[in-house]
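For reference, the structure discussed in these notes is given below.
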Amino acid sequence: MKVLLATSKPFAVQAVQKIQKIIESAGHTFTKLENYTDKAQLLEAVKDVDAVIIRSDLIDQEVMEAATSLKIVVRAGAGYDNVDLEAATAHNVCVMNTPGQNANAVAELVFGMIIYMQRNQFDGSVGREIKNRRLGLYAFGNVAKMVAKIARGFDMSVCAYSPTLTHDDLRKEGEYGVIAAYSNIELFQSSDIMSLHMPLLDDTRDCVNYELLSYMPEDGVLINTARKELLVEEDLIRIMEERPQFQYATDVKPDRHEEFLARFPKRYFTTPKKSGAQTTDANINSGLAAAKQIVAFFNNGDECYRVN
């Protein structure tokens with residue numbers, strides 16, 4: 001089988017080397033397309049491959065049609081909204097993700113952002129400590145669990161709400177020390193700092209709106225390392241206009257980035273491009289997981305992390 005590593009935002013060199021070793025040791029052919037800038041390059045590269053490992057690369061209907069031998073796509077990471085699942089299913093292509101492999105990297109970024117914003121972007125003015133502040137986690141997957149663990153070291157109280165978990169389910173997660181909220185409204189009411197961890201689905205798009213944000217305190221902080229589409233940007237701008245101390249930090253540049261920057265230069269921060277999983281450790285963890293899942297799929301039909 002021929003396995004393609006297709007990454008416009010490449011893995012660390014060490015990760016690529018280890019991915020290649022896993023694929024070739026299993027008797028498969030390894031090839032790569034890194035730092036590509038045009039979709040035509042991807043369409044050409046997938047023509048004769050049986051498997052593809054990607055990161056944030058777009059795999060849509062056009063790619064599926066070009067990849068006539070394709071059997072499996074593995075997204076090295078948790079989110080997979082960059083893959084057209086309907087098209088994949090129609091072409092009998094298995095789609096997997098690698099849940100949990102980037103969790104610690106993203107969780108550490110969350111706290112880097114929290115501290116950066118609470119210290120006023122280190123501009124020398126008087127900031128505040130995060131000890132005893134109330135942290136809210138909107139959804140409670142692998143990343144949120146790591147965030148909760150780290151928060152305990154900062155003596156923060158942690159409240160969590162997940163639309164896919166019952167209140168009792170959350171209460172049973174005792175090792176993370178979270179308080180389970182009964183609703184998203186209760187979550188936002190109980191949080192000084194809110195961290196978003198929802199996947200992008202039809203029913204989570206625009207799920208954070210003016211009403212929810214208005215339940216947070218005047219000096220609230222919103223952290224988004226998930227997806228920009230979860231948030232109604234116009235509503236956040238309204239909140240930040242009404243509340244001169246409200247802050248927003250994100251790892252997914254908003255569509256209205258220039259407006260945020262012009263209006264709230266001291267209360268808004270975005271990474272230049274998505275950086276949550278940009279550590280050597282996360283690269284290696286997710287890349288190796290993707291390679292091993294492909295080998296298991298071809299060896300014994302293992303579809304453990306199938307998402308379509």
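Going through the structure tokens in order, the chains are called A, B, and so on, while each chain numbers its residues from 1 and the ligands are numbered from 1 in the order shown.
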Each residue of segment 181-240 of chain A with at least one atom at most 12 Å from segment 255-261 of chain A should appear once, together with its nearest atom pair and the corresponding distance in Å (one decimal); atoms considered: only C-alpha atoms; ordering: chain, then increasing residue number; output as a tab-separated table.
residue	atom	partner	partner_atom	distance
A:Arg227	CA	A:Asp255	CA	11.6
A:Lys228	CA	A:Asp255	CA	8.1
A:Glu229	CA	A:Asp255	CA	9.4
A:Leu231	CA	A:Asp255	CA	10.7
A:Val232	CA	A:Asp255	CA	10.4
A:Glu233	CA	A:Arg256	CA	7.3
A:Glu234	CA	A:Arg256	CA	8.6
A:Asp235	CA	A:Arg256	CA	11.8
A:Leu236	CA	A:Phe260	CA	9.5
A:Ile237	CA	A:Phe260	CA	7.3
A:Arg238	CA	A:Phe260	CA	10.8
A:Ile239	CA	A:Phe260	CA	11.8
A:Met240	CA	A:Phe260	CA	9.3
Saved selection, atoms kept: C-alpha atoms, as a short mmCIF file (atom, residue, chain, number, x, y, z; two decimals), in the first residue's frame:
data_model
loop_
_atom_site.label_atom_id
_atom_site.label_comp_id
_atom_site.auth_asym_id
_atom_site.auth_seq_id
_atom_site.Cartn_x
_atom_site.Cartn_y
_atom_site.Cartn_z
CA ARG A 227 -12.85 26.57 16.18
CA LYS A 228 -13.71 30.15 15.24
CA GLU A 229 -17.14 29.07 13.97
CA LEU A 231 -18.47 31.97 18.27
CA VAL A 232 -20.75 34.71 16.96
CA GLU A 233 -18.05 37.33 16.41
CA GLU A 234 -20.48 40.23 16.22
CA ASP A 235 -21.84 39.30 19.66
CA LEU A 236 -18.35 39.13 21.18
CA ILE A 237 -17.51 42.55 19.74
CA ARG A 238 -20.67 43.90 21.35
CA ILE A 239 -19.73 42.41 24.73
CA MET A 240 -16.21 43.86 24.52
#
I want to know what sits within 12 Å of Arg243 of chain A, based on only C-alpha atoms, with residues of the same chain fewer than 5 positions away left out; could you give that as a PDB file with C-alpha atoms, in the first residue's frame?
ATOM      1  CA  LEU A 213     -21.378  35.814  27.106  1.00  0.00           C
ATOM      2  CA  SER A 214     -23.546  38.279  29.028  1.00  0.00           C
ATOM      3  CA  MET A 216     -19.903  36.251  32.487  1.00  0.00           C
ATOM      4  CA  PRO A 217     -18.490  39.006  34.750  1.00  0.00           C
ATOM      5  CA  GLU A 218     -17.470  42.461  33.520  1.00  0.00           C
ATOM      6  CA  ASP A 219     -13.795  41.435  33.584  1.00  0.00           C
ATOM      7  CA  GLY A 220     -14.366  38.009  32.054  1.00  0.00           C
ATOM      8  CA  VAL A 221     -11.860  36.257  29.799  1.00  0.00           C
ATOM      9  CA  LEU A 236     -18.347  39.127  21.182  1.00  0.00           C
ATOM     10  CA  ILE A 237     -17.506  42.546  19.739  1.00  0.00           C
ATOM     11  CA  ARG A 238     -20.672  43.903  21.346  1.00  0.00           C
ATOM     12  CA  TYR A 248     -10.455  37.547  24.300  1.00  0.00           C
ATOM     13  CA  PHE A 264      -9.372  46.219  21.416  1.00  0.00           C
ATOM     14  CA  ARG A 267      -7.717  43.093  25.256  1.00  0.00           C
TER      15      ARG A 267
END
**Item:** Exercise: segment 282-298 of chain A partners within 7 Å, only C-alpha atoms, chain neighbours under 2 positions left out, as a PyMOL selection string
**Value:** chain A and resi 11-12+15+18-19+22-23+26+53+74+76-77+98+101-102+105+277-280+300-303
Resulting file, chosen residues, N, CA and C atoms, as a PDB file, in the first residue's frame:
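Contents of result_31.pdb, freshly written:
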ATOM      1  N   PHE A  11       4.835  18.516   9.772  1.00  0.00           N
ATOM      2  CA  PHE A  11       5.238  17.994  11.063  1.00  0.00           C
ATOM      3  C   PHE A  11       6.699  18.357  11.332  1.00  0.00           C
ATOM      4  N   ALA A  12       7.102  18.228  12.588  1.00  0.00           N
ATOM      5  CA  ALA A  12       8.516  18.331  12.936  1.00  0.00           C
ATOM      6  C   ALA A  12       9.276  17.212  12.228  1.00  0.00           C
ATOM      7  N   ALA A  15       9.207  13.822  13.743  1.00  0.00           N
ATOM      8  CA  ALA A  15       7.927  13.131  13.588  1.00  0.00           C
ATOM      9  C   ALA A  15       7.838  12.463  12.225  1.00  0.00           C
ATOM     10  N   LYS A  18       9.881   9.285  12.059  1.00  0.00           N
ATOM     11  CA  LYS A  18       9.294   8.167  12.791  1.00  0.00           C
ATOM     12  C   LYS A  18       8.041   7.635  12.090  1.00  0.00           C
ATOM     13  N   ILE A  19       7.272   8.523  11.480  1.00  0.00           N
ATOM     14  CA  ILE A  19       6.109   8.093  10.700  1.00  0.00           C
ATOM     15  C   ILE A  19       6.568   7.203   9.552  1.00  0.00           C
ATOM     16  N   ILE A  22       7.568   3.678  10.678  1.00  0.00           N
ATOM     17  CA  ILE A  22       6.426   2.813  10.998  1.00  0.00           C
ATOM     18  C   ILE A  22       5.788   2.280   9.712  1.00  0.00           C
ATOM     19  N   ILE A  23       5.590   3.160   8.753  1.00  0.00           N
ATOM     20  CA  ILE A  23       4.938   2.766   7.502  1.00  0.00           C
ATOM     21  C   ILE A  23       5.797   1.766   6.734  1.00  0.00           C
ATOM     22  N   ALA A  26       6.245  -1.785   8.126  1.00  0.00           N
ATOM     23  CA  ALA A  26       5.073  -2.641   7.928  1.00  0.00           C
ATOM     24  C   ALA A  26       4.959  -3.112   6.481  1.00  0.00           C
ATOM     25  N   ILE A  53      -2.253  10.739   5.420  1.00  0.00           N
ATOM     26  CA  ILE A  53      -2.178  11.354   6.743  1.00  0.00           C
ATOM     27  C   ILE A  53      -2.167  12.859   6.531  1.00  0.00           C
ATOM     28  N   VAL A  74      -6.387   9.658   7.682  1.00  0.00           N
ATOM     29  CA  VAL A  74      -6.258   9.872   9.124  1.00  0.00           C
ATOM     30  C   VAL A  74      -5.864  11.312   9.372  1.00  0.00           C
ATOM     31  N   ALA A  76      -4.340  13.715  11.780  1.00  0.00           N
ATOM     32  CA  ALA A  76      -3.470  13.709  12.960  1.00  0.00           C
ATOM     33  C   ALA A  76      -3.890  14.853  13.871  1.00  0.00           C
ATOM     34  N   GLY A  77      -4.797  14.557  14.758  1.00  0.00           N
ATOM     35  CA  GLY A  77      -5.368  15.556  15.651  1.00  0.00           C
ATOM     36  C   GLY A  77      -6.786  15.141  15.999  1.00  0.00           C
ATOM     37  N   THR A  98      -7.065  11.199  15.650  1.00  0.00           N
ATOM     38  CA  THR A  98      -6.164  10.643  16.674  1.00  0.00           C
ATOM     39  C   THR A  98      -6.442  11.354  17.999  1.00  0.00           C
ATOM     40  N   GLN A 101      -3.977  12.925  21.395  1.00  0.00           N
ATOM     41  CA  GLN A 101      -2.532  13.001  21.159  1.00  0.00           C
ATOM     42  C   GLN A 101      -1.988  14.431  21.276  1.00  0.00           C
ATOM     43  N   ASN A 102      -2.830  15.425  20.999  1.00  0.00           N
ATOM     44  CA  ASN A 102      -2.406  16.831  21.091  1.00  0.00           C
ATOM     45  C   ASN A 102      -2.906  17.509  22.361  1.00  0.00           C
ATOM     46  N   ALA A 105      -0.528  19.610  24.697  1.00  0.00           N
ATOM     47  CA  ALA A 105       0.003  20.788  24.009  1.00  0.00           C
ATOM     48  C   ALA A 105      -1.035  21.907  23.975  1.00  0.00           C
ATOM     49  N   ALA A 277      -1.293  22.580  18.561  1.00  0.00           N
ATOM     50  CA  ALA A 277      -0.577  21.303  18.442  1.00  0.00           C
ATOM     51  C   ALA A 277       0.845  21.485  17.928  1.00  0.00           C
ATOM     52  N   GLN A 278       1.315  22.713  17.890  1.00  0.00           N
ATOM     53  CA  GLN A 278       2.634  22.978  17.335  1.00  0.00           C
ATOM     54  C   GLN A 278       3.735  22.823  18.375  1.00  0.00           C
ATOM     55  N   THR A 279       3.886  21.606  18.846  1.00  0.00           N
ATOM     56  CA  THR A 279       5.037  21.239  19.670  1.00  0.00           C
ATOM     57  C   THR A 279       5.624  19.965  19.069  1.00  0.00           C
ATOM     58  N   THR A 280       6.911  19.779  19.257  1.00  0.00           N
ATOM     59  CA  THR A 280       7.545  18.555  18.766  1.00  0.00           C
ATOM     60  C   THR A 280       6.879  17.331  19.364  1.00  0.00           C
ATOM     61  N   ASN A 300      -5.364  -5.634   9.807  1.00  0.00           N
ATOM     62  CA  ASN A 300      -6.479  -6.425  10.361  1.00  0.00           C
ATOM     63  C   ASN A 300      -7.832  -5.728  10.318  1.00  0.00           C
ATOM     64  N   GLY A 301      -7.924  -4.663   9.535  1.00  0.00           N
ATOM     65  CA  GLY A 301      -9.228  -3.979   9.393  1.00  0.00           C
ATOM     66  C   GLY A 301      -9.633  -3.172  10.607  1.00  0.00           C
ATOM     67  N   ASP A 302      -8.701  -2.810  11.453  1.00  0.00           N
ATOM     68  CA  ASP A 302      -9.004  -2.056  12.676  1.00  0.00           C
ATOM     69  C   ASP A 302      -9.537  -0.670  12.323  1.00  0.00           C
ATOM     70  N   GLU A 303     -10.763  -0.370  12.767  1.00  0.00           N
ATOM     71  CA  GLU A 303     -11.396   0.934  12.515  1.00  0.00           C
ATOM     72  C   GLU A 303     -11.752   1.625  13.835  1.00  0.00           C
TER      73      GLU A 303
END
**Request:** Using atom CA of Leu5 of chain A and atom CA of Gln17 of chain A as the two end points, give the distance in Å to one decimal.
**Result:** 11.3 Å
**Item:** Spatial neighbours of Arg152 of chain A, 10 Å, only C-alpha atoms, chain gap at least 4 places, as a list in words
**Value:**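 In the requested format, the answer is Lys131, Val147, Ala148, Met156, Ser157, Val158, Tyr176, Gly177 and Val178 of chain A.
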**Prompt:** Can you tell me, as an MDAnalysis selection string, what residues are no more than 9 Å from segment 132-146 of chain A when counting only C-alpha atoms, ignoring any on the same chain fewer than 2 positions away?
**Reply:** chainID A and resid 78 99:108 129:130 148:151 154:165 170 176 184 187:188 190:199
Quick one: write out the picked residues with N, CA and C atoms as a short mmCIF file (atom, residue, chain, number, x, y, z; two decimals), in the first residue's frame?
data_model
loop_
_atom_site.label_atom_id
_atom_site.label_comp_id
_atom_site.auth_asym_id
_atom_site.auth_seq_id
_atom_site.Cartn_x
_atom_site.Cartn_y
_atom_site.Cartn_z
N ALA A 78 -7.44 15.94 16.81
CA ALA A 78 -8.79 15.58 17.27
C ALA A 78 -9.87 16.05 16.31
N PRO A 99 -7.56 11.06 18.62
CA PRO A 99 -7.97 11.80 19.82
C PRO A 99 -6.98 11.69 20.97
N GLY A 100 -6.76 12.83 21.63
CA GLY A 100 -5.93 12.85 22.83
C GLY A 100 -4.46 13.09 22.61
N GLN A 101 -3.98 12.93 21.39
CA GLN A 101 -2.53 13.00 21.16
C GLN A 101 -1.99 14.43 21.28
N ASN A 102 -2.83 15.43 21.00
CA ASN A 102 -2.41 16.83 21.09
C ASN A 102 -2.91 17.51 22.36
N ALA A 103 -3.57 16.75 23.22
CA ALA A 103 -4.32 17.35 24.33
C ALA A 103 -3.44 18.18 25.26
N ASN A 104 -2.30 17.66 25.65
CA ASN A 104 -1.47 18.41 26.60
C ASN A 104 -0.92 19.69 25.97
N ALA A 105 -0.53 19.61 24.70
CA ALA A 105 0.00 20.79 24.01
C ALA A 105 -1.04 21.91 23.97
N VAL A 106 -2.26 21.57 23.63
CA VAL A 106 -3.33 22.58 23.57
C VAL A 106 -3.65 23.11 24.97
N ALA A 107 -3.68 22.22 25.95
CA ALA A 107 -3.98 22.64 27.32
C ALA A 107 -2.94 23.63 27.84
N GLU A 108 -1.68 23.37 27.53
CA GLU A 108 -0.63 24.30 27.96
C GLU A 108 -0.79 25.66 27.27
N GLU A 129 -3.75 37.98 39.26
CA GLU A 129 -3.37 36.57 39.36
C GLU A 129 -4.57 35.70 39.00
N ILE A 130 -4.27 34.45 38.62
CA ILE A 130 -5.37 33.55 38.28
C ILE A 130 -5.75 32.63 39.44
N ALA A 148 -8.21 21.01 33.04
CA ALA A 148 -8.68 20.87 34.43
C ALA A 148 -7.56 20.42 35.35
N LYS A 149 -6.74 19.48 34.89
CA LYS A 149 -5.61 19.00 35.71
C LYS A 149 -4.64 20.13 36.01
N ILE A 150 -4.30 20.92 34.98
CA ILE A 150 -3.36 22.02 35.17
C ILE A 150 -3.94 23.07 36.11
N ALA A 151 -5.24 23.32 35.98
CA ALA A 151 -5.90 24.35 36.80
C ALA A 151 -5.78 24.05 38.28
N PHE A 154 -2.94 25.66 39.90
CA PHE A 154 -3.05 27.12 40.07
C PHE A 154 -4.09 27.50 41.12
N ASP A 155 -4.64 26.50 41.82
CA ASP A 155 -5.68 26.74 42.83
C ASP A 155 -6.89 27.45 42.23
N MET A 156 -7.27 27.03 41.05
CA MET A 156 -8.48 27.56 40.43
C MET A 156 -9.62 26.56 40.66
N SER A 157 -10.83 27.08 40.80
CA SER A 157 -12.00 26.20 40.80
C SER A 157 -12.39 25.98 39.34
N VAL A 158 -12.86 24.78 39.01
CA VAL A 158 -13.16 24.45 37.62
C VAL A 158 -14.59 23.93 37.51
N CYS A 159 -15.34 24.56 36.62
CA CYS A 159 -16.71 24.15 36.34
C CYS A 159 -16.76 23.67 34.89
N ALA A 160 -17.48 22.60 34.61
CA ALA A 160 -17.54 22.06 33.27
C ALA A 160 -18.98 21.75 32.87
N TYR A 161 -19.23 21.91 31.58
CA TYR A 161 -20.53 21.51 31.02
C TYR A 161 -20.28 20.90 29.65
N SER A 162 -20.98 19.80 29.37
CA SER A 162 -20.88 19.16 28.06
C SER A 162 -22.26 18.75 27.61
N PRO A 163 -22.66 19.12 26.40
CA PRO A 163 -23.99 18.71 25.90
C PRO A 163 -24.05 17.22 25.59
N THR A 164 -22.90 16.56 25.52
CA THR A 164 -22.89 15.13 25.20
C THR A 164 -22.72 14.26 26.44
N LEU A 165 -22.52 14.88 27.60
CA LEU A 165 -22.38 14.14 28.85
C LEU A 165 -23.47 14.57 29.82
N LEU A 170 -20.43 13.85 34.36
CA LEU A 170 -19.41 14.83 34.74
C LEU A 170 -19.03 14.70 36.21
N TYR A 176 -10.54 14.86 38.12
CA TYR A 176 -10.24 16.17 37.55
C TYR A 176 -10.71 17.32 38.43
N ASN A 184 -25.47 25.16 30.02
CA ASN A 184 -24.45 26.10 29.56
C ASN A 184 -24.63 27.47 30.21
N LEU A 187 -22.97 27.30 33.50
CA LEU A 187 -21.52 27.30 33.29
C LEU A 187 -20.99 28.71 33.13
N PHE A 188 -21.61 29.50 32.26
CA PHE A 188 -21.13 30.86 32.01
C PHE A 188 -21.36 31.76 33.22
N SER A 190 -21.04 30.80 36.21
CA SER A 190 -20.12 30.35 37.26
C SER A 190 -18.65 30.54 36.89
N SER A 191 -18.36 31.24 35.80
CA SER A 191 -17.00 31.30 35.29
C SER A 191 -16.49 32.72 35.09
N ASP A 192 -15.28 32.97 35.61
CA ASP A 192 -14.58 34.22 35.33
C ASP A 192 -13.81 34.12 34.01
N ILE A 193 -13.30 32.91 33.76
CA ILE A 193 -12.54 32.62 32.55
C ILE A 193 -13.19 31.43 31.87
N MET A 194 -13.50 31.57 30.59
CA MET A 194 -14.17 30.50 29.86
C MET A 194 -13.26 29.98 28.76
N SER A 195 -13.07 28.66 28.71
CA SER A 195 -12.25 28.02 27.68
C SER A 195 -13.14 27.12 26.84
N LEU A 196 -13.13 27.34 25.52
CA LEU A 196 -14.00 26.60 24.61
C LEU A 196 -13.32 25.35 24.08
N HIS A 197 -14.03 24.22 24.15
CA HIS A 197 -13.46 22.95 23.69
C HIS A 197 -14.46 22.14 22.88
N MET A 198 -15.44 22.80 22.30
CA MET A 198 -16.45 22.11 21.51
C MET A 198 -15.91 21.75 20.14
N PRO A 199 -16.28 20.59 19.62
CA PRO A 199 -15.98 20.29 18.21
C PRO A 199 -16.92 21.10 17.33
#
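All residues within segment 134-180 of chain A that the backbone DSSP calculation assigns to strand (DSSP E) are Arg134, Leu135, Gly136, Leu137, Tyr138, Ser157, Val158, Cys159, Ala160, Tyr161, Val178, Ile179 and Ala180 of chain A.
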**Request:** For Asp168 of chain A, please output as a PyMOL selection string all residues within 10 Å (counting only C-alpha atoms; exclusion window: fewer than 3 positions along the same chain).
**Result:** chain A and resi 165+171-173+180+182
Dump of C-alpha atoms for the selected residues, as a compact mmCIF listing (two decimals), in the first residue's frame:
# COMPACT_ATOMS: atom_id res chain seq x y z
CA LEU A 165 -22.38 14.14 28.85
CA ARG A 171 -19.73 14.31 38.48
CA LYS A 172 -18.04 10.92 38.09
CA GLU A 173 -14.92 12.58 36.64
CA ALA A 180 -20.57 19.85 36.99
CA TYR A 182 -26.49 21.59 34.78
**Prompt:** With distances taken over only C-alpha atoms, which of A:Ala6, A:Ala226, A:Leu58, A:Ile179 is nearest to Leu33 of chain A?
**Reply:**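 Looking only at the distances to Leu33 of chain A, the closest residue turns out to be A:Ala6.
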**Asked** If you run DSSP on this backbone, which residues of segment 2-113 of chain A come out as helix (DSSP H, G or I), and could you give them as JSON, numbers by chain?
**Response** {"A": [13, 14, 15, 16, 17, 18, 19, 20, 21, 22, 23, 24, 25, 39, 40, 41, 42, 43, 44, 45, 61, 62, 63, 64, 65, 66, 85, 86, 87, 88, 89, 90, 103, 104, 105, 106, 107, 108, 109, 110, 111, 112, 113]}
**Message:** What's around Phe122 of chain A at 12 Å? Count only C-alpha atoms, leave out sequence neighbours fewer than 5 positions away in its own chain, and write the answer as a ChimeraX atom specification.
**Reply:** /A:112-117,127-128,266-267
